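Next comes input24.pdb, with PDB, C-alpha atoms and all ligand atoms.
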ATOM      1  CA  THR G   1       0.000   0.000   0.000
ATOM      2  CA  GLY G   2       0.984   3.676   0.030
ATOM      3  CA  THR G   3       0.591   6.388  -2.588
ATOM      4  CA  PRO G   4       0.705   5.037  -6.131
ATOM      5  CA  VAL G   5       3.879   6.228  -7.846
ATOM      6  CA  THR G   6       5.054   6.331 -11.438
ATOM      7  CA  VAL G   7       8.679   6.189 -12.526
ATOM      8  CA  LEU G   8       9.548   7.336 -16.052
ATOM      9  CA  GLY G   9      13.020   6.231 -17.122
ATOM     10  CA  LEU G  10      14.489   2.934 -15.945
ATOM     11  CA  GLY G  11      18.190   3.448 -16.558
ATOM     12  CA  MET G  12      20.690   2.751 -13.790
ATOM     13  CA  MET G  13      19.184   5.408 -11.534
ATOM     14  CA  GLY G  14      15.515   5.184 -12.574
ATOM     15  CA  GLY G  15      15.594   1.404 -12.091
ATOM     16  CA  ALA G  16      16.976   1.875  -8.569
ATOM     17  CA  LEU G  17      14.274   4.459  -7.736
ATOM     18  CA  ALA G  18      11.468   2.166  -8.946
ATOM     19  CA  GLY G  19      13.033  -0.751  -7.058
ATOM     20  CA  ALA G  20      13.026   1.249  -3.811
ATOM     21  CA  PHE G  21       9.310   2.106  -4.206
ATOM     22  CA  LEU G  22       8.500  -1.551  -4.853
ATOM     23  CA  ARG G  23      10.471  -2.701  -1.801
ATOM     24  CA  ALA G  24       8.503  -0.221   0.298
ATOM     25  CA  GLY G  25       5.247  -1.688  -1.025
ATOM     26  CA  HIS G  26       4.042   1.263  -3.124
ATOM     27  CA  PRO G  27       1.901   0.475  -6.169
ATOM     28  CA  THR G  28       4.491   1.346  -8.834
ATOM     29  CA  THR G  29       3.827   2.048 -12.506
ATOM     30  CA  VAL G  30       6.863   2.223 -14.765
ATOM     31  CA  TRP G  31       7.683   3.189 -18.332
ATOM     32  CA  ASN G  32      10.946   3.122 -20.250
ATOM     33  CA  ARG G  33      11.712   3.885 -23.902
ATOM     34  CA  THR G  34      13.362   0.480 -24.149
ATOM     35  CA  ALA G  35      10.602  -1.632 -22.599
ATOM     36  CA  ALA G  36      12.805  -4.654 -21.812
ATOM     37  CA  LYS G  37      14.503  -2.700 -18.998
ATOM     38  CA  ALA G  38      11.207  -3.002 -17.078
ATOM     39  CA  ASP G  39      11.199  -6.828 -17.076
ATOM     40  CA  ASP G  40      12.895  -7.286 -13.731
ATOM     41  CA  LEU G  41      10.719  -4.621 -12.055
ATOM     42  CA  VAL G  42       7.534  -6.135 -13.501
ATOM     43  CA  ALA G  43       8.614  -9.519 -12.114
ATOM     44  CA  ARG G  44       8.841  -7.789  -8.713
ATOM     45  CA  GLY G  45       5.322  -6.364  -8.969
ATOM     46  CA  ALA G  46       5.570  -3.168 -11.032
ATOM     47  CA  THR G  47       2.958  -2.349 -13.671
ATOM     48  CA  LEU G  48       4.370  -1.553 -17.104
ATOM     49  CA  ALA G  49       2.488   1.275 -18.831
ATOM     50  CA  ALA G  50       2.108   1.264 -22.592
ATOM     51  CA  SER G  51       3.038   4.935 -22.977
ATOM     52  CA  PRO G  52       4.401   7.832 -20.899
ATOM     53  CA  SER G  53       0.945   9.454 -20.804
ATOM     54  CA  ALA G  54      -0.639   6.220 -19.521
ATOM     55  CA  ALA G  55       2.092   6.022 -16.865
ATOM     56  CA  ILE G  56       1.451   9.639 -15.838
ATOM     57  CA  ALA G  57      -2.303   9.017 -15.631
ATOM     58  CA  ALA G  58      -1.719   6.085 -13.254
ATOM     59  CA  SER G  59      -0.301   7.966 -10.208
ATOM     60  CA  PRO G  60      -0.481  11.358  -8.505
ATOM     61  CA  LEU G  61       3.307  11.332  -8.021
ATOM     62  CA  VAL G  62       5.448  11.021 -11.154
ATOM     63  CA  VAL G  63       9.206  10.588 -10.784
ATOM     64  CA  VAL G  64      11.252  11.284 -13.921
ATOM     65  CA  CYS G  65      14.869  10.160 -14.218
ATOM     66  CA  VAL G  66      16.202  10.123 -17.777
ATOM     67  CA  SER G  67      19.493  11.223 -19.367
ATOM     68  CA  ASP G  68      18.846  14.951 -19.762
ATOM     69  CA  TYR G  69      16.184  17.639 -20.029
ATOM     70  CA  ASP G  70      15.527  17.021 -23.734
ATOM     71  CA  ALA G  71      14.565  13.479 -22.780
ATOM     72  CA  VAL G  72      12.408  14.820 -19.907
ATOM     73  CA  THR G  73      10.505  16.971 -22.398
ATOM     74  CA  ASP G  74      10.034  13.906 -24.616
ATOM     75  CA  VAL G  75       8.558  11.773 -21.832
ATOM     76  CA  LEU G  76       6.371  14.364 -20.054
ATOM     77  CA  ASP G  77       3.568  13.776 -22.473
ATOM     78  CA  GLY G  78      -0.153  14.411 -22.006
ATOM     79  CA  PRO G  79      -2.152  16.165 -19.268
ATOM     80  CA  LEU G  80      -0.551  16.803 -15.900
ATOM     81  CA  ASP G  81      -3.616  17.978 -13.965
ATOM     82  CA  GLY G  82      -3.352  17.020 -10.324
ATOM     83  CA  ARG G  83       0.061  15.406 -10.870
ATOM     84  CA  VAL G  84       3.237  16.248  -8.992
ATOM     85  CA  VAL G  85       6.277  15.781 -11.204
ATOM     86  CA  VAL G  86       9.475  15.015  -9.308
ATOM     87  CA  ASN G  87      12.291  15.476 -11.776
ATOM     88  CA  LEU G  88      15.490  13.761 -10.630
ATOM     89  CA  THR G  89      17.274  14.237 -13.957
ATOM     90  CA  SER G  90      20.474  16.309 -13.799
ATOM     91  CA  GLY G  91      20.321  19.652 -15.583
ATOM     92  CA  THR G  92      20.728  23.393 -15.291
ATOM     93  CA  PRO G  93      18.825  25.817 -13.022
ATOM     94  CA  THR G  94      17.515  27.655 -16.092
ATOM     95  CA  ARG G  95      15.941  24.542 -17.535
ATOM     96  CA  ALA G  96      14.572  23.472 -14.144
ATOM     97  CA  ARG G  97      12.784  26.835 -13.758
ATOM     98  CA  ALA G  98      11.424  26.701 -17.317
ATOM     99  CA  LEU G  99      10.161  23.156 -16.821
ATOM    100  CA  ALA G 100       8.514  24.110 -13.500
ATOM    101  CA  GLU G 101       6.606  26.850 -15.345
ATOM    102  CA  GLU G 102       5.630  24.530 -18.149
ATOM    103  CA  VAL G 103       4.370  21.860 -15.737
ATOM    104  CA  ALA G 104       2.418  24.499 -13.770
ATOM    105  CA  GLY G 105       0.897  25.724 -17.059
ATOM    106  CA  ARG G 106      -0.264  22.180 -17.724
ATOM    107  CA  GLY G 107      -1.909  21.891 -14.309
ATOM    108  CA  GLY G 108       0.807  20.021 -12.412
ATOM    109  CA  GLY G 109       3.125  20.677  -9.491
ATOM    110  CA  TYR G 110       6.895  20.461  -9.851
ATOM    111  CA  LEU G 111       9.777  19.473  -7.622
ATOM    112  CA  ASP G 112      13.342  19.272  -8.862
ATOM    113  CA  GLY G 113      15.816  17.013  -7.142
ATOM    114  CA  GLY G 114      19.519  16.240  -7.265
ATOM    115  CA  ILE G 115      20.546  12.749  -6.238
ATOM    116  CA  MET G 116      23.847  12.884  -4.372
ATOM    117  CA  ALA G 117      24.384   9.132  -4.420
ATOM    118  CA  VAL G 118      25.040   6.138  -6.629
ATOM    119  CA  PRO G 119      22.140   3.845  -7.630
ATOM    120  CA  ASP G 120      23.137   1.171  -5.067
ATOM    121  CA  ALA G 121      22.589   3.623  -2.188
ATOM    122  CA  VAL G 122      19.082   4.608  -3.331
ATOM    123  CA  GLY G 123      16.462   3.414  -0.856
ATOM    124  CA  THR G 124      18.828   3.881   2.103
ATOM    125  CA  PRO G 125      19.424   6.967   4.308
ATOM    126  CA  ASP G 126      22.902   7.248   2.707
ATOM    127  CA  ALA G 127      21.324   8.550  -0.494
ATOM    128  CA  ILE G 128      20.936  12.302   0.010
ATOM    129  CA  ILE G 129      18.414  13.852  -2.362
ATOM    130  CA  ALA G 130      18.282  17.648  -2.415
ATOM    131  CA  TYR G 131      14.914  18.995  -3.559
ATOM    132  CA  SER G 132      13.822  22.448  -4.654
ATOM    133  CA  GLY G 133      10.364  23.737  -5.512
ATOM    134  CA  LEU G 134       7.408  24.651  -3.294
ATOM    135  CA  ARG G 135       7.991  23.449   0.242
ATOM    136  CA  SER G 136       4.291  22.646   0.576
ATOM    137  CA  LEU G 137       4.609  20.125  -2.298
ATOM    138  CA  HIS G 138       7.764  18.621  -0.819
ATOM    139  CA  ASP G 139       6.168  18.321   2.608
ATOM    140  CA  ALA G 140       2.926  16.861   1.220
ATOM    141  CA  HIS G 141       4.894  14.007  -0.427
ATOM    142  CA  ARG G 142       7.633  13.752   2.166
ATOM    143  CA  SER G 143       6.734  10.282   3.428
ATOM    144  CA  THR G 144       6.886   8.871  -0.124
ATOM    145  CA  LEU G 145      10.097  10.734  -1.013
ATOM    146  CA  ASP G 146      11.706   9.490   2.230
ATOM    147  CA  ILE G 147      11.686   5.999   0.705
ATOM    148  CA  LEU G 148      14.277   7.042  -1.884
ATOM    149  CA  GLY G 149      16.759   8.461   0.610
ATOM    150  CA  THR G 150      17.346  11.318   3.016
ATOM    151  CA  CYS G 151      15.410  14.396   1.861
ATOM    152  CA  LEU G 152      16.835  17.914   1.996
ATOM    153  CA  HIS G 153      14.638  20.848   0.974
ATOM    154  CA  LEU G 154      16.742  23.731  -0.375
ATOM    155  CA  GLY G 155      14.008  26.291  -1.063
ATOM    156  CA  ASP G 156      10.967  27.194  -3.145
ATOM    157  CA  ASP G 157      12.937  28.242  -6.264
ATOM    158  CA  PRO G 158      12.927  25.104  -8.446
ATOM    159  CA  GLY G 159      16.384  26.022  -9.839
ATOM    160  CA  LEU G 160      18.107  25.710  -6.442
ATOM    161  CA  SER G 161      18.707  22.000  -6.673
ATOM    162  CA  ALA G 162      20.573  22.288  -9.999
ATOM    163  CA  THR G 163      22.448  25.349  -8.705
ATOM    164  CA  HIS G 164      23.698  23.330  -5.728
ATOM    165  CA  GLU G 165      24.627  20.493  -8.049
ATOM    166  CA  MET G 166      26.742  22.857 -10.201
ATOM    167  CA  ALA G 167      28.479  24.260  -7.125
ATOM    168  CA  THR G 168      29.220  20.802  -5.782
ATOM    169  CA  LEU G 169      30.505  19.526  -9.122
ATOM    170  CA  VAL G 170      33.027  22.354  -9.541
ATOM    171  CA  LEU G 171      34.180  21.669  -5.984
ATOM    172  CA  MET G 172      34.631  17.959  -6.694
ATOM    173  CA  TRP G 173      36.414  18.515 -10.003
ATOM    174  CA  GLY G 174      38.711  20.981  -8.249
ATOM    175  CA  MET G 175      39.617  18.433  -5.592
ATOM    176  CA  LEU G 176      40.015  15.538  -8.018
ATOM    177  CA  ASP G 177      42.070  17.595 -10.503
ATOM    178  CA  GLY G 178      44.256  18.791  -7.647
ATOM    179  CA  PHE G 179      44.824  15.238  -6.457
ATOM    180  CA  LEU G 180      45.640  13.969  -9.966
ATOM    181  CA  ASN G 181      47.959  16.931 -10.608
ATOM    182  CA  GLY G 182      49.727  16.072  -7.343
ATOM    183  CA  VAL G 183      50.029  12.446  -8.441
ATOM    184  CA  ALA G 184      51.654  13.604 -11.707
ATOM    185  CA  ILE G 185      54.146  15.830  -9.855
ATOM    186  CA  LEU G 186      55.077  13.072  -7.375
ATOM    187  CA  GLY G 187      55.364  10.582 -10.230
ATOM    188  CA  THR G 188      58.388  12.512 -11.512
ATOM    189  CA  ALA G 189      60.104  11.620  -8.221
ATOM    190  CA  GLY G 190      59.024   7.975  -8.429
ATOM    191  CA  VAL G 191      56.415   8.316  -5.638
ATOM    192  CA  PRO G 192      53.458   5.970  -6.254
ATOM    193  CA  PRO G 193      49.916   7.443  -6.020
ATOM    194  CA  THR G 194      48.986   5.182  -3.093
ATOM    195  CA  ALA G 195      51.823   6.688  -1.046
ATOM    196  CA  TYR G 196      50.379  10.173  -1.672
ATOM    197  CA  VAL G 197      46.858   9.289  -0.444
ATOM    198  CA  PRO G 198      47.415   9.833   3.335
ATOM    199  CA  ILE G 199      49.051  13.226   2.744
ATOM    200  CA  ALA G 200      46.372  14.250   0.209
ATOM    201  CA  ARG G 201      43.638  13.226   2.659
ATOM    202  CA  THR G 202      45.154  15.297   5.429
ATOM    203  CA  ALA G 203      45.388  18.302   3.093
ATOM    204  CA  ILE G 204      41.726  17.946   2.094
ATOM    205  CA  ASP G 205      40.665  17.582   5.758
ATOM    206  CA  THR G 206      42.715  20.651   6.681
ATOM    207  CA  VAL G 207      41.109  22.718   3.924
ATOM    208  CA  ALA G 208      37.652  21.444   4.916
ATOM    209  CA  GLY G 209      38.313  22.815   8.400
ATOM    210  CA  TRP G 210      38.951  26.275   6.918
ATOM    211  CA  LEU G 211      35.580  26.458   5.154
ATOM    212  CA  PRO G 212      33.450  27.923   7.988
ATOM    213  CA  GLY G 213      35.974  30.744   8.507
ATOM    214  CA  TYR G 214      36.226  31.420   4.764
ATOM    215  CA  ALA G 215      32.443  31.447   4.437
ATOM    216  CA  ARG G 216      32.177  33.983   7.281
ATOM    217  CA  GLN G 217      34.822  36.223   5.690
ATOM    218  CA  VAL G 218      33.060  36.065   2.326
ATOM    219  CA  GLU G 219      29.695  36.924   3.917
ATOM    220  CA  GLU G 220      31.259  39.882   5.725
ATOM    221  CA  GLY G 221      33.288  40.981   2.666
ATOM    222  CA  VAL G 222      36.509  41.311   4.690
ATOM    223  CA  TYR G 223      39.412  38.927   4.221
ATOM    224  CA  PRO G 224      41.990  39.271   6.992
ATOM    225  CA  ALA G 225      45.196  37.365   6.240
ATOM    226  CA  ASP G 226      45.026  35.096   9.289
ATOM    227  CA  ASP G 227      47.499  32.647   7.755
ATOM    228  CA  GLY G 228      49.210  33.706   4.507
ATOM    229  CA  THR G 229      48.618  36.696   2.214
ATOM    230  CA  VAL G 230      47.568  36.603  -1.430
ATOM    231  CA  ASP G 231      51.043  38.003  -2.282
ATOM    232  CA  THR G 232      52.703  35.028  -0.560
ATOM    233  CA  HIS G 233      50.510  32.534  -2.415
ATOM    234  CA  LEU G 234      51.359  34.269  -5.713
ATOM    235  CA  SER G 235      55.101  33.874  -5.310
ATOM    236  CA  VAL G 236      54.721  30.172  -4.390
ATOM    237  CA  MET G 237      52.511  29.627  -7.465
ATOM    238  CA  ALA G 238      55.227  31.085  -9.703
ATOM    239  CA  HIS G 239      57.723  28.534  -8.332
ATOM    240  CA  VAL G 240      55.305  25.614  -8.772
ATOM    241  CA  ILE G 241      54.685  26.611 -12.412
ATOM    242  CA  GLU G 242      58.403  27.032 -13.128
ATOM    243  CA  GLU G 243      59.256  23.656 -11.587
ATOM    244  CA  SER G 244      56.316  21.890 -13.313
ATOM    245  CA  GLU G 245      57.515  23.204 -16.663
ATOM    246  CA  SER G 246      61.047  21.982 -16.065
ATOM    247  CA  LEU G 247      59.695  18.563 -14.958
ATOM    248  CA  GLY G 248      57.566  18.335 -18.095
ATOM    249  CA  VAL G 249      54.347  18.178 -16.024
ATOM    250  CA  ASN G 250      51.137  19.956 -17.077
ATOM    251  CA  ALA G 251      51.000  23.370 -15.337
ATOM    252  CA  ASP G 252      47.443  24.443 -16.331
ATOM    253  CA  LEU G 253      46.036  24.231 -12.800
ATOM    254  CA  PRO G 254      48.678  26.355 -11.042
ATOM    255  CA  ARG G 255      48.590  28.763 -14.033
ATOM    256  CA  LEU G 256      44.843  29.211 -13.506
ATOM    257  CA  ALA G 257      45.409  29.781  -9.784
ATOM    258  CA  LYS G 258      48.130  32.327 -10.607
ATOM    259  CA  ALA G 259      45.960  34.190 -13.135
ATOM    260  CA  LEU G 260      43.142  34.568 -10.584
ATOM    261  CA  THR G 261      45.559  35.510  -7.827
ATOM    262  CA  GLU G 262      47.224  38.165 -10.007
ATOM    263  CA  ARG G 263      43.818  39.686 -10.674
ATOM    264  CA  ALA G 264      43.133  39.755  -6.922
ATOM    265  CA  VAL G 265      46.439  41.599  -6.392
ATOM    266  CA  THR G 266      45.510  44.103  -9.132
ATOM    267  CA  ALA G 267      42.182  44.610  -7.330
ATOM    268  CA  GLY G 268      44.133  45.646  -4.217
ATOM    269  CA  HIS G 269      44.054  42.353  -2.314
ATOM    270  CA  GLY G 270      47.796  41.552  -2.167
ATOM    271  CA  SER G 271      47.806  41.735   1.613
ATOM    272  CA  SER G 272      44.377  40.076   2.052
ATOM    273  CA  GLY G 273      43.766  36.422   2.841
ATOM    274  CA  TYR G 274      43.054  33.846   0.116
ATOM    275  CA  ALA G 275      39.258  34.136   0.554
ATOM    276  CA  ALA G 276      39.525  37.474  -1.320
ATOM    277  CA  LEU G 277      39.717  35.413  -4.540
ATOM    278  CA  VAL G 278      35.944  34.943  -4.301
ATOM    279  CA  GLU G 279      35.619  38.330  -6.010
ATOM    280  CA  GLN G 280      37.405  36.901  -9.063
ATOM    281  CA  PHE G 281      35.013  33.935  -9.195
ATOM    282  CA  ARG G 282      32.034  36.269  -8.954
ATOM    283  CA  GLN G 283      32.785  37.878 -12.317
ATOM    284  CA  ALA G 284      32.678  36.227 -15.763
TER     285      ALA G 284
HETATM  286  P1  LIG G 301      21.277   5.759 -17.874
HETATM  287  O1  LIG G 301      22.070   6.077 -19.089
HETATM  288  O2  LIG G 301      21.484   4.477 -17.178
HETATM  289  O3  LIG G 301      19.715   5.882 -18.231
HETATM  290  C1  LIG G 301      19.220   6.885 -19.074
HETATM  291  C2  LIG G 301      17.724   6.748 -19.159
HETATM  292  O4  LIG G 301      17.201   7.828 -19.979
HETATM  293  C3  LIG G 301      17.258   5.440 -19.833
HETATM  294  O5  LIG G 301      16.061   5.029 -19.202
HETATM  295  C4  LIG G 301      16.975   5.920 -21.261
HETATM  296  O6  LIG G 301      16.057   5.103 -21.961
HETATM  297  C5  LIG G 301      16.358   7.256 -20.981
HETATM  298  N1  LIG G 301      16.326   8.163 -22.131
HETATM  299  C6  LIG G 301      17.347   8.814 -22.709
HETATM  300  N2  LIG G 301      16.918   9.579 -23.729
HETATM  301  C7  LIG G 301      15.584   9.395 -23.798
HETATM  302  C8  LIG G 301      14.577   9.924 -24.643
HETATM  303  N3  LIG G 301      14.841  10.811 -25.613
HETATM  304  N4  LIG G 301      13.302   9.535 -24.426
HETATM  305  C9  LIG G 301      13.002   8.657 -23.440
HETATM  306  N5  LIG G 301      13.911   8.123 -22.603
HETATM  307  C10 LIG G 301      15.196   8.485 -22.791
HETATM  308  O7  LIG G 301      21.514   7.001 -16.896
HETATM  309  P2  LIG G 301      21.329   7.048 -15.291
HETATM  310  O8  LIG G 301      20.097   6.323 -14.912
HETATM  311  O9  LIG G 301      22.614   6.717 -14.637
HETATM  312  O10 LIG G 301      21.111   8.611 -15.075
HETATM  313  C11 LIG G 301      19.837   9.231 -15.211
HETATM  314  C12 LIG G 301      19.909  10.623 -14.576
HETATM  315  O11 LIG G 301      20.230  10.482 -13.192
HETATM  316  C13 LIG G 301      20.953  11.510 -15.204
HETATM  317  O12 LIG G 301      20.467  12.840 -15.317
HETATM  318  C14 LIG G 301      22.083  11.438 -14.200
HETATM  319  O13 LIG G 301      22.892  12.605 -14.240
HETATM  320  C15 LIG G 301      21.312  11.333 -12.894
HETATM  321  N6  LIG G 301      22.144  10.768 -11.829
HETATM  322  C16 LIG G 301      22.744   9.530 -11.988
HETATM  323  C17 LIG G 301      23.594   9.030 -11.022
HETATM  324  C18 LIG G 301      24.267   7.698 -11.185
HETATM  325  O14 LIG G 301      25.113   7.379 -10.349
HETATM  326  N7  LIG G 301      23.924   6.912 -12.186
HETATM  327  C19 LIG G 301      23.868   9.819  -9.782
HETATM  328  C20 LIG G 301      23.138  11.046  -9.685
HETATM  329  C21 LIG G 301      22.329  11.506 -10.684
HETATM  330  P3  LIG G 301      16.603   3.800 -22.742
HETATM  331  O15 LIG G 301      16.736   2.719 -21.696
HETATM  332  O16 LIG G 301      15.524   3.523 -23.735
HETATM  333  O17 LIG G 301      17.913   4.175 -23.375
END

Since I need it in another form, could you write the structure as structure tokens?
Ligand code: NDP
Amino acid sequence: TGTPVTVLGLGMMGGALAGAFLRAGHPTTVWNRTAAKADDLVARGATLAASPSAAIAASPLVVVCVSDYDAVTDVLDGPLDGRVVVNLTSGTPTRARALAEEVAGRGGGYLDGGIMAVPDAVGTPDAIIAYSGLRSLHDAHRSTLDILGTCLHLGDDPGLSATHEMATLVLMWGMLDGFLNGVAILGTAGVPPTAYVPIARTAIDTVAGWLPGYARQVEEGVYPADDGTVDTHLSVMAHVIEESESLGVNADLPRLAKALTERAVTAGHGSSGYAALVEQFRQA
């Protein structure tokens, strides 16, 4: 028993979402472009709909998880009156807001969600799903959404979920690129990547500990140089670039850091702390 739910899209993630609803005993209607991907779910009790519009008609709550927003537009077919669409497809804030308006125009409610987990974690509290869109909609369906993972509600603006996803992705790429760049540098000295892991971990933990202080400085718009100044960082960057070039290692990352840091110095922040660089990230 429980609210009937529909899941459109049964790829790696959509299949996991539908599986979690089935395990929790919800009447679950599914549809996938390639119908064979529903076989296993149907064997476990799901109902296969003949078309997206039939699947949408079957349940008040419609979860969509396909490759991208073009695919979402393809599958959100037919009337949406009285339906709440929960779109868990990754995309941009702009498209999330446009889709929310479109769904509202067609009589439906809209929640956007970012899944911060792999398919295996879906259906456990380890899967964090960050929703945006009207809180009243989120709260009304909270007990059903709780089945998929731990719910976070970020705010009423439907674009907030995708905005958080963008912010988190650039953070993760930054950390991963930094680690891999470090591996390349150490490789020139014959140090294996596994030997670097404990030191890299400590560095990441140390930086994580600085975040609350940085965030406070950024909110206040003052960047006291509690540790090192921007000028000090700049001279170290120049050495790292010079040495990377002589080692024959890619120096794009430290060059980017140096370019931003030089701009911060030009803007009068040579004696500020590193958090002053936020002003460089705020402009295109
Ligand atoms: P898959 O490639 O496994 O699945 C893609 C799904 O989209 C399939 O069901 C596919 O149908 C469907 N699809 C693609 N184009 C169309 C279309 N034009 N019309 C109808 N259906 C279409 O991807 P995932 O399940 O891994 O990812 C789905 C979403 O979830 C993505 O936005 C991804 O970023 C997000 N996500 C995934 C995570 C993961 O770890 N996998 C983690 C967090 C978010 P068909 O089977 O017919 O090809």

task: Write out as a PyMOL selection string each polymer residue whose atoms come within 6 Å of G:Ser272, counting all atoms listed in the file; drop sequence neighbours fewer than 4 positions from it.
output: chain G and resi 223-225+229-230

Near ligand LIG 301 (chain G), 8 Å: chain G residue rows, closest pairs, all atoms listed in the file, as CSV:
residue,atom,partner,partner_atom,distance
G:Leu8,CA,G:LIG301,O5,7.6
G:Gly9,CA,G:LIG301,O5,3.9
G:Leu10,CA,G:LIG301,O5,4.2
G:Gly11,CA,G:LIG301,O3,3.3
G:Met12,CA,G:LIG301,O8,3.8
G:Met13,CA,G:LIG301,O8,3.6
G:Gly14,CA,G:LIG301,O8,5.3
G:Gly15,CA,G:LIG301,O8,7.2
G:Asn32,CA,G:LIG301,O5,5.6
G:Arg33,CA,G:LIG301,O16,3.8
G:Thr34,CA,G:LIG301,O16,3.8
G:Ala35,CA,G:LIG301,O16,7.2
G:Lys37,CA,G:LIG301,O15,6.5
G:Cys65,CA,G:LIG301,C12,5.1
G:Val66,CA,G:LIG301,O4,3.3
G:Ser67,CA,G:LIG301,O4,4.1
G:Asp68,CA,G:LIG301,O12,5.2
G:Tyr69,CA,G:LIG301,O12,8.0
G:Asp70,CA,G:LIG301,N3,6.5
G:Ala71,CA,G:LIG301,N3,3.9
G:Val72,CA,G:LIG301,N4,7.0
G:Asp74,CA,G:LIG301,N4,5.5
G:Val75,CA,G:LIG301,C9,5.7
G:Leu88,CA,G:LIG301,O11,6.3
G:Thr89,CA,G:LIG301,O12,3.7
G:Ser90,CA,G:LIG301,O12,3.8
G:Gly91,CA,G:LIG301,O12,6.8
G:Gly114,CA,G:LIG301,C21,6.5
G:Ile115,CA,G:LIG301,C20,4.6
G:Met116,CA,G:LIG301,C20,5.7
G:Ala117,CA,G:LIG301,C19,5.4
G:Val118,CA,G:LIG301,O14,3.9
G:Pro119,CA,G:LIG301,O14,5.4

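In this structure, atom CA of G:Gln283 sits 27.4 Å away from atom CA of G:Tyr131.
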
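Proximity ranking of G:Gly105, G:Pro158, G:Gly149, G:Gly221 relative to G:Thr92 places G:Pro158 first, based on only C-alpha atoms.
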
- request: Taking (12.9, 8.6, 3.1) in the file's own coordinates, collect the residues within 10 Å, counting all atoms listed in the file, and hand them back as a ChimeraX atom specification.
  value: /G:122-125,127-129,142-151

Picked residues, the PyMOL selection byres (((chain G and resi 78-82) around 6) and not hetatm), expected as a PyMOL selection string: chain G and resi 53+77+83+106-108

task: Counting only C-alpha atoms, figure out which residue out of G:Gly187, G:Gly213, G:Gly268, G:Pro93 gets nearest to G:Leu247.
output: G:Gly187

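The coordinates place atom CA of G:Ala18 at 16.6 Å from atom CA of G:Ser51.
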
message: Suppose a student applies the PyMOL selection byres (((chain G and resi 274) around 10) and not hetatm) to this structure; what residues should they get, written as a PyMOL selection string?
response: chain G and resi 214+223-233+261+264+269-273+275-278

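If you measure from each of G:Ala54, G:Ala251, G:Ala121, G:Ala130 to G:Ala162 using all atoms listed in the file, the closest one turns out to be G:Ala130.
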
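Candidate residues G:Val265, G:Val5, G:Leu256, G:Leu76 were compared for distance to G:Ala24, and the nearest is G:Val5, using all atoms listed in the file.
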
Hey, what comes out of the PyMOL selection byres (((chain G and resi 138) around 10) and not hetatm) on this file? Could you write it as a PDB file with C-alpha atoms, keeping the file's coordinate frame?
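Resulting contents of result.pdb:
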ATOM      1  CA  VAL G  84       3.237  16.248  -8.992  1.00  0.00           C
ATOM      2  CA  VAL G  86       9.475  15.015  -9.308  1.00  0.00           C
ATOM      3  CA  TYR G 110       6.895  20.461  -9.851  1.00  0.00           C
ATOM      4  CA  LEU G 111       9.777  19.473  -7.622  1.00  0.00           C
ATOM      5  CA  ASP G 112      13.342  19.272  -8.862  1.00  0.00           C
ATOM      6  CA  TYR G 131      14.914  18.995  -3.559  1.00  0.00           C
ATOM      7  CA  SER G 132      13.822  22.448  -4.654  1.00  0.00           C
ATOM      8  CA  GLY G 133      10.364  23.737  -5.512  1.00  0.00           C
ATOM      9  CA  LEU G 134       7.408  24.651  -3.294  1.00  0.00           C
ATOM     10  CA  ARG G 135       7.991  23.449   0.242  1.00  0.00           C
ATOM     11  CA  SER G 136       4.291  22.646   0.576  1.00  0.00           C
ATOM     12  CA  LEU G 137       4.609  20.125  -2.298  1.00  0.00           C
ATOM     13  CA  ASP G 139       6.168  18.321   2.608  1.00  0.00           C
ATOM     14  CA  ALA G 140       2.926  16.861   1.220  1.00  0.00           C
ATOM     15  CA  HIS G 141       4.894  14.007  -0.427  1.00  0.00           C
ATOM     16  CA  ARG G 142       7.633  13.752   2.166  1.00  0.00           C
ATOM     17  CA  SER G 143       6.734  10.282   3.428  1.00  0.00           C
ATOM     18  CA  THR G 144       6.886   8.871  -0.124  1.00  0.00           C
ATOM     19  CA  LEU G 145      10.097  10.734  -1.013  1.00  0.00           C
ATOM     20  CA  CYS G 151      15.410  14.396   1.861  1.00  0.00           C
ATOM     21  CA  LEU G 152      16.835  17.914   1.996  1.00  0.00           C
ATOM     22  CA  HIS G 153      14.638  20.848   0.974  1.00  0.00           C
ATOM     23  CA  GLY G 155      14.008  26.291  -1.063  1.00  0.00           C
ATOM     24  CA  ASP G 156      10.967  27.194  -3.145  1.00  0.00           C
TER      25      ASP G 156
END

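Separating atom CA of G:Phe179 from atom CA of G:Gly113 is a distance of 29.1 Å.
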
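Close contacts of G:Arg255, defined as residues with an atom at most 8 Å away when counting all atoms listed in the file, with chain neighbours fewer than 4 positions off set aside, comprise Met237, Ile241, Ala251 and Ala259 of chain G.
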
How would the residues just picked look written out with C-alpha atoms as a compact mmCIF listing (two decimals), in the frame of the given file?
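Saved result, part-v1.txt, follows:
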# COMPACT_ATOMS: atom_id res chain seq x y z
CA MET G 237 52.51 29.63 -7.46
CA ILE G 241 54.68 26.61 -12.41
CA ALA G 251 51.00 23.37 -15.34
CA ALA G 259 45.96 34.19 -13.14
